[in-house]
There are 2 protein chains.
Amino acid sequence: MRVEILSTGEELITGQLVDSNAAWLAAGLLENGIHTLRTTSVGDDVDRLAAAMSEMAARSDLVLVTGGLGPTSDDLSAQAAARASGDTLTLNPEALSSMQAFFSRRGWTMPEANLKQAMLPSRAGVLENLTGTAPGFRVEIGGCLLVFMPGVPREMKAMFAGSVLPLLRERFKVGPGILLSRMTVFGLPESEVGSRLSGFQERFPDIRLGFRASFPLIEVKCMADNGQGTDADAGNRVAEAGAHADAGTRMAGALDYIKDKLGSRLFSDQGLTMEQEVGRLLILRRETLAAAESCTGGLVSSLLTDVAGSSGYFLLSAVTYANDAKTGVLGLNPETLAARGAVSEETALEMAVGVRRLAGADWGIATSGIAGPGGGSEEKPVGTVCIGIDGPGVSRARTFRFTFGDRSMNKKIFAVMALEVLRRNLVQDRNSA
Amino acid sequence: MRVEILSTGEELITGQLVDSNAAWLAAGLLENGIHTLRTTSVGDDVDRLAAAMSEMAARSDLVLVTGGLGPTSDDLSAQAAARASGDTLTLNPEALSSMQAFFSRRGWTMPEANLKQAMLPSRAGVLENLTGTAPGFRVEIGGCLLVFMPGVPREMKAMFAGSVLPLLRERFKVGPGILLSRMTVFGLPESEVGSRLSGFQERFPDIRLGFRASFPLIEVKCMADNGQGTDADAGNRVAEAGAHADAGTRMAGALDYIKDKLGSRLFSDQGLTMEQEVGRLLILRRETLAAAESCTGGLVSSLLTDVAGSSGYFLLSAVTYANDAKTGVLGLNPETLAARGAVSEETALEMAVGVRRLAGADWGIATSGIAGPGGGSEEKPVGTVCIGIDGPGVSRARTFRFTFGDRSMNKKIFAVMALEVLRRNLVQDRNSA
């Protein structure tokens, strides 16, 4: 089965936007045993779009297209699809009513401008969009199926899962590779994860290993091909290895192998994010948390509250950017600040102690560091962060140094590091209890 | 001039890695007036790579290729280039000595395995790599120039700036293009921005208009080509319109047109984000800010501190997720909480007043709302947010209702709305002063 992905949009070929949709789709296809041969990006030009679609249709069995379904004049996917398939655009009643339903669910009237989004090639089939206005659609060009999805990642992902995958499963008889496990790693570069697991494939030939970096975390996935014949080699590998009967045993062996190689850097064998894992542990322990943030500027708190239900354990964060706020709100000793500086283990610890007391929480964590671009010194360069923790049986601070050099990356890794420090304490304490 | 970018590597078509190289290169080319027509990713397969190179060479004047120059068996770019150009691989003495120089600068001996990297098509020209081992190279296929760079972003960027751009400037006589303006809009859907500006292109045919949605903001960009003949159509459009002499006048007219159509929803004509614009206004007014956050969970604060230099005006944020923290830290009247509830204009206002006083800031803003998925009621559905503001001459709260239904989108739009409420007050006050 030959599959290609086409990402459309001027912003992709002018470098305004990095095309993350193609990678996401390729990974999603691979989970279903489908290998992508090529990905292409083309700008908002109907001739070039139609030419690309025709070429790809001639080479492939399936083309997934994203973007260009919006209501503005530079949204040209339907027009290009019509041209490439020798069809004309007509008002599609199914698409129209799906859009009207979307608007009426929100108590709105559909603006006139959105009518354009229901103008589809006359032979197109509609794919409903439950999370946005643009309906998706599919057309056939000489035996090749072309599927059109929105470019907005959230809408695209919902449509892929809800409409496109079922369609592919039915038409191409593919199936989810069996997902064995999903694990999350923090504190190792992707290359290091790769090299530590370089012997995996030889040892477990019937289990496919995948990585997905989502800074600063790396997700490690184990999958077995479904062996339904979309990939002859993979099918053979499964058969050779003795296949289904002892799949459970082999799976357990594979997970043990990975855990052994990655050690404590593998912090969740459920594929949780750091903030989800910390939340899970706090709920388990029936404990509460407060945070005092300086350099992370509220990001620790924002990550924690991204988890639904976090109000059950997360009480307070004080983002004390100014020194007066550190002393006034958190009760820091002005002498500590003067003697040690805002970025110091002493200050971070006093912040953690202060916010824990202020909130009456079981745990207090604190960050103080230099995210950059300015503010660094030889002694405390950009990328330095002091993390304080105060809780049952622990009251200390440590300094970490990162070399990403970018303000937003520093903020992110400082925040996740603070949660990691908390997590280690939550786990340690439980193990020793 | 027709230009394409080819990114090579199995990790790109399995979704393990998002291709940021292509976007970076496209942006770099555009700065020099060169428009990329298409970007393509192909995996580590010599037949598919050679086929892609041949196709692209037949369509284009220039192809930039990244990746596949390493020492391992899946690094196939030189082999594919030789096949596509009907050439053979030979040991290139210039490439070899460049590599040996790289190793000797570090006091190392070149490993045998790296010899492979000096095996280039016999007619290739070498591009030196000062930051890594893999030399780049260039070949010609029927009038098309193909340039091969490493896939490691750091090495690729150094080679592009140091060797490739000078080559392109000499060969294609290109130079930097002209960005006219970048504006930012909040409070209108992309479709509405598009339809309000639908008459723009007809009125200003020599100015290119682009939109980019970055939820919940929309960026509007105006660009003119440099008219140095790299794009004949654009050159003609500029010429027809009277070109350079009155370019300044036409640009000003275009900006006035856009501002008139979008009104106060266009909040920055410098392309700033909301947090940057609020920061700019606070610096201008020499005023300081504190925030009290409930439903936004630290996101207001995290956005504000994404701006370098925000420590100059942003004093404190209290993320008071728990009611005890609202009364204890911010000094809320427990009776207000009991009578009106946590999500109410009264509570939001008391939070704003409380945090302003606590921090000794000029302005206090506060958010209290229901981000979902749970917690909504008929009276206060998910998507409801109360925003309080307390500052010079203003002390009030308002309720807003959004219907995105998604926790992270709600958090984001609540946070930006709070900043927008502040911005309106910062601007109004200045205008009436």
# chains A, B, ... in the order shown; residues from 1 in each chain; ligands from 1

$ closest_atom_pairs --of "chain A" --to "chain B" --cutoff "6 Å" --atoms "only C-alpha atoms" --output "tab-separated table"
residue	atom	partner	partner_atom	distance
A:Ile13	CA	B:Thr36	CA	5.7
A:Thr14	CA	B:Ala26	CA	5.1
A:Gly15	CA	B:Ala23	CA	3.8
A:Val18	CA	B:Ala23	CA	5.5
A:Ser20	CA	B:Val18	CA	5.6
A:Ala23	CA	B:Gly15	CA	3.8
A:Trp24	CA	B:Gly15	CA	5.7
A:Ala26	CA	B:Gly15	CA	4.9
A:Ala27	CA	B:Gly15	CA	4.5
A:Thr36	CA	B:Ile13	CA	5.8
A:Arg38	CA	B:Val42	CA	4.9
A:Thr39	CA	B:Ser41	CA	5.0
A:Thr40	CA	B:Thr40	CA	4.2
A:Ser41	CA	B:Thr39	CA	5.0
A:Val42	CA	B:Arg38	CA	4.8
A:Pro71	CA	B:Ser191	CA	5.5
A:Thr72	CA	B:Gly194	CA	5.3
A:Phe211	CA	B:Gln16	CA	5.7
A:Arg212	CA	B:Gln16	CA	5.0
A:Gly297	CA	B:Ser302	CA	4.9
A:Gly298	CA	B:Gly298	CA	4.5
A:Leu299	CA	B:Ser302	CA	5.2
A:Ser301	CA	B:Gly298	CA	5.2
A:Ser302	CA	B:Gly298	CA	4.7
A:Thr305	CA	B:Gly297	CA	5.5
A:Leu315	CA	B:Ala322	CA	5.0
A:Leu316	CA	B:Thr320	CA	4.9
A:Ser317	CA	B:Val319	CA	4.7
A:Ala318	CA	B:Ala318	CA	4.6
A:Val319	CA	B:Ser317	CA	4.7
A:Thr320	CA	B:Leu316	CA	4.8
A:Tyr321	CA	B:Leu315	CA	5.3
A:Ala322	CA	B:Leu315	CA	4.8

$ calpha_fit_rmsd --fixed "chain B" --moving "chain A"
4.3 Å

$ residues_around --residues "Met149 (chain B)" --least-positions-apart "3" --cutoff "6 Å" --atoms "only C-alpha atoms" --output "ChimeraX atom specification"
/B:66,136,156

$ closest_residue --among "A:Pro381, A:Pro135, A:Pro216, A:Gly341" --to "Leu115 (chain A)" --atoms "only C-alpha atoms"
A:Pro135

$ atom_distance --atom1 "CA of Leu120 (chain A)" --atom2 "CA of Gln100 (chain A)"
15.8 Å

$ select_by_dssp --residues "region 111-266 of chain A" --states "alpha helix (DSSP H)" --output "PyMOL selection string"
chain A and resi 153-159+165-172+190-196+200-203+232-240+247-262

$ closest_residue --among "B:Glu219, B:Glu140, B:Asp75, B:Glu128" --to "Asp87 (chain B)" --atoms "only C-alpha atoms"
B:Glu140

$ atom_distance --atom1 "CA of Asn114 (chain B)" --atom2 "CA of Thr90 (chain B)"
14.2 Å

$ residues_around --residues "Gln270 (chain A)" --least-positions-apart "5" --cutoff "8 Å" --atoms "only C-alpha atoms" --output "PyMOL selection string"
chain A and resi 181-184

$ residues_around --residues "region 382-399 of chain B" --least-positions-apart "3" --cutoff "8 Å" --atoms "only C-alpha atoms" --output "short mmCIF file (atom, residue, chain, number, x, y, z; two decimals) with C-alpha atoms, in the first residue's frame"
data_model
loop_
_atom_site.label_atom_id
_atom_site.label_comp_id
_atom_site.auth_asym_id
_atom_site.auth_seq_id
_atom_site.Cartn_x
_atom_site.Cartn_y
_atom_site.Cartn_z
CA CYS B 295 -9.48 29.26 36.27
CA VAL B 343 -17.14 32.33 39.79
CA SER B 344 -18.80 35.72 40.08
CA GLU B 345 -18.04 39.32 39.17
CA GLU B 346 -17.96 40.23 42.87
CA ALA B 348 -13.24 38.50 40.52
CA LEU B 349 -13.27 42.15 41.52
CA GLU B 350 -12.26 41.41 45.12
CA MET B 351 -9.44 39.22 43.78
CA ALA B 352 -8.18 42.05 41.55
CA VAL B 353 -8.37 44.56 44.39
CA ARG B 356 -3.17 44.84 43.58
CA ASP B 362 -0.69 50.03 39.79
CA TRP B 363 -2.99 47.48 38.20
CA GLY B 364 -4.62 44.31 39.42
CA ILE B 365 -6.38 41.84 37.11
CA ALA B 366 -8.19 38.66 38.10
CA THR B 367 -9.81 35.66 36.45
CA SER B 368 -12.40 33.32 37.86
CA GLY B 369 -14.28 30.96 35.62
CA ILE B 370 -15.05 27.44 34.49
CA ALA B 371 -12.55 25.95 32.01
CA GLY B 372 -14.20 22.53 32.04
CA PRO B 373 -14.63 19.75 31.34
CA GLY B 374 -16.60 19.55 34.61
CA GLY B 375 -17.88 22.22 36.95
CA GLY B 376 -20.42 23.91 34.70
CA SER B 377 -24.04 24.61 35.53
CA PHE B 402 -16.90 31.33 25.26
CA THR B 403 -18.06 28.19 23.55
CA PHE B 404 -14.91 26.30 22.62
CA GLY B 405 -15.74 23.50 25.00
CA ASN B 410 -10.80 27.94 27.42
CA PHE B 414 -9.70 33.41 29.31
CA ALA B 418 -7.99 39.21 30.77
CA VAL B 421 -9.43 43.94 29.26
CA LEU B 422 -6.27 45.40 30.77
#

$ atom_distance --atom1 "CA of Gly70 (chain A)" --atom2 "CA of Phe137 (chain A)"
13.0 Å

$ closest_residue --among "B:Arg265, B:Arg340, B:Arg423, B:Arg169" --to "Leu289 (chain B)" --atoms "only C-alpha atoms"
B:Arg423

$ residues_around --residues "Met110 (chain A)" --least-positions-apart "4" --cutoff "12 Å" --atoms "only C-alpha atoms" --output "PyMOL selection string"
(chain A and resi 71+96-106+114-118+133) or (chain B and resi 191-192)

$ write_last_selection --atoms "N, CA, C and O atoms" --output "tab-separated table (two decimals), in the first residue's frame"
chain	number	residue	atom	x	y	z
A	71	PRO	N	-12.75	29.41	5.12
A	71	PRO	CA	-13.68	30.22	4.35
A	71	PRO	C	-13.02	31.35	3.54
A	71	PRO	O	-13.70	32.05	2.81
A	96	LEU	N	-23.29	21.37	4.15
A	96	LEU	CA	-23.98	22.57	4.63
A	96	LEU	C	-24.72	22.30	5.93
A	96	LEU	O	-24.60	23.07	6.90
A	97	SER	N	-25.45	21.19	5.97
A	97	SER	CA	-26.23	20.95	7.19
A	97	SER	C	-25.31	20.60	8.35
A	97	SER	O	-25.60	20.93	9.51
A	98	SER	N	-24.18	19.94	8.08
A	98	SER	CA	-23.22	19.65	9.15
A	98	SER	C	-22.66	20.95	9.72
A	98	SER	O	-22.49	21.11	10.93
A	99	MET	N	-22.41	21.94	8.84
A	99	MET	CA	-21.90	23.22	9.31
A	99	MET	C	-22.96	23.98	10.10
A	99	MET	O	-22.68	24.58	11.14
A	100	GLN	N	-24.18	23.96	9.56
A	100	GLN	CA	-25.25	24.67	10.25
A	100	GLN	C	-25.48	24.08	11.64
A	100	GLN	O	-25.70	24.81	12.60
A	101	ALA	N	-25.37	22.75	11.72
A	101	ALA	CA	-25.53	22.09	13.02
A	101	ALA	C	-24.44	22.55	13.98
A	101	ALA	O	-24.69	22.80	15.16
A	102	PHE	N	-23.20	22.68	13.46
A	102	PHE	CA	-22.08	23.14	14.29
A	102	PHE	C	-22.38	24.52	14.89
A	102	PHE	O	-22.18	24.76	16.07
A	103	PHE	N	-22.87	25.41	14.01
A	103	PHE	CA	-23.15	26.77	14.49
A	103	PHE	C	-24.33	26.78	15.46
A	103	PHE	O	-24.31	27.45	16.49
A	104	SER	N	-25.37	26.02	15.14
A	104	SER	CA	-26.57	26.10	15.99
A	104	SER	C	-26.33	25.47	17.35
A	104	SER	O	-26.91	25.89	18.34
A	105	ARG	N	-25.41	24.44	17.42
A	105	ARG	CA	-25.05	23.89	18.73
A	105	ARG	C	-24.49	24.99	19.64
A	105	ARG	O	-24.58	24.91	20.84
A	106	ARG	N	-23.87	25.99	19.03
A	106	ARG	CA	-23.29	27.08	19.80
A	106	ARG	C	-24.23	28.29	19.91
A	106	ARG	O	-23.86	29.33	20.44
A	114	ASN	N	-19.09	31.55	5.34
A	114	ASN	CA	-18.80	30.13	5.54
A	114	ASN	C	-19.45	29.22	4.50
A	114	ASN	O	-19.09	28.05	4.41
A	115	LEU	N	-20.39	29.75	3.74
A	115	LEU	CA	-21.02	28.96	2.67
A	115	LEU	C	-19.97	28.32	1.77
A	115	LEU	O	-20.12	27.18	1.34
A	116	LYS	N	-18.91	29.07	1.49
A	116	LYS	CA	-17.83	28.59	0.62
A	116	LYS	C	-17.31	27.22	1.07
A	116	LYS	O	-16.92	26.38	0.25
A	117	GLN	N	-17.32	26.97	2.38
A	117	GLN	CA	-16.78	25.72	2.89
A	117	GLN	C	-17.64	24.51	2.55
A	117	GLN	O	-17.20	23.37	2.71
A	118	ALA	N	-18.88	24.76	2.12
A	118	ALA	CA	-19.74	23.65	1.71
A	118	ALA	C	-19.70	23.44	0.19
A	118	ALA	O	-20.38	22.56	-0.34
A	133	THR	N	-15.63	24.34	11.96
A	133	THR	CA	-16.65	24.58	10.93
A	133	THR	C	-16.38	23.81	9.64
A	133	THR	O	-17.30	23.41	8.95
B	191	SER	N	-12.29	33.61	9.64
B	191	SER	CA	-13.19	33.80	8.50
B	191	SER	C	-13.66	35.25	8.42
B	191	SER	O	-13.80	35.82	7.34
B	192	GLU	N	-13.92	35.85	9.58
B	192	GLU	CA	-14.38	37.23	9.60
B	192	GLU	C	-13.27	38.19	9.16
B	192	GLU	O	-13.52	39.14	8.41
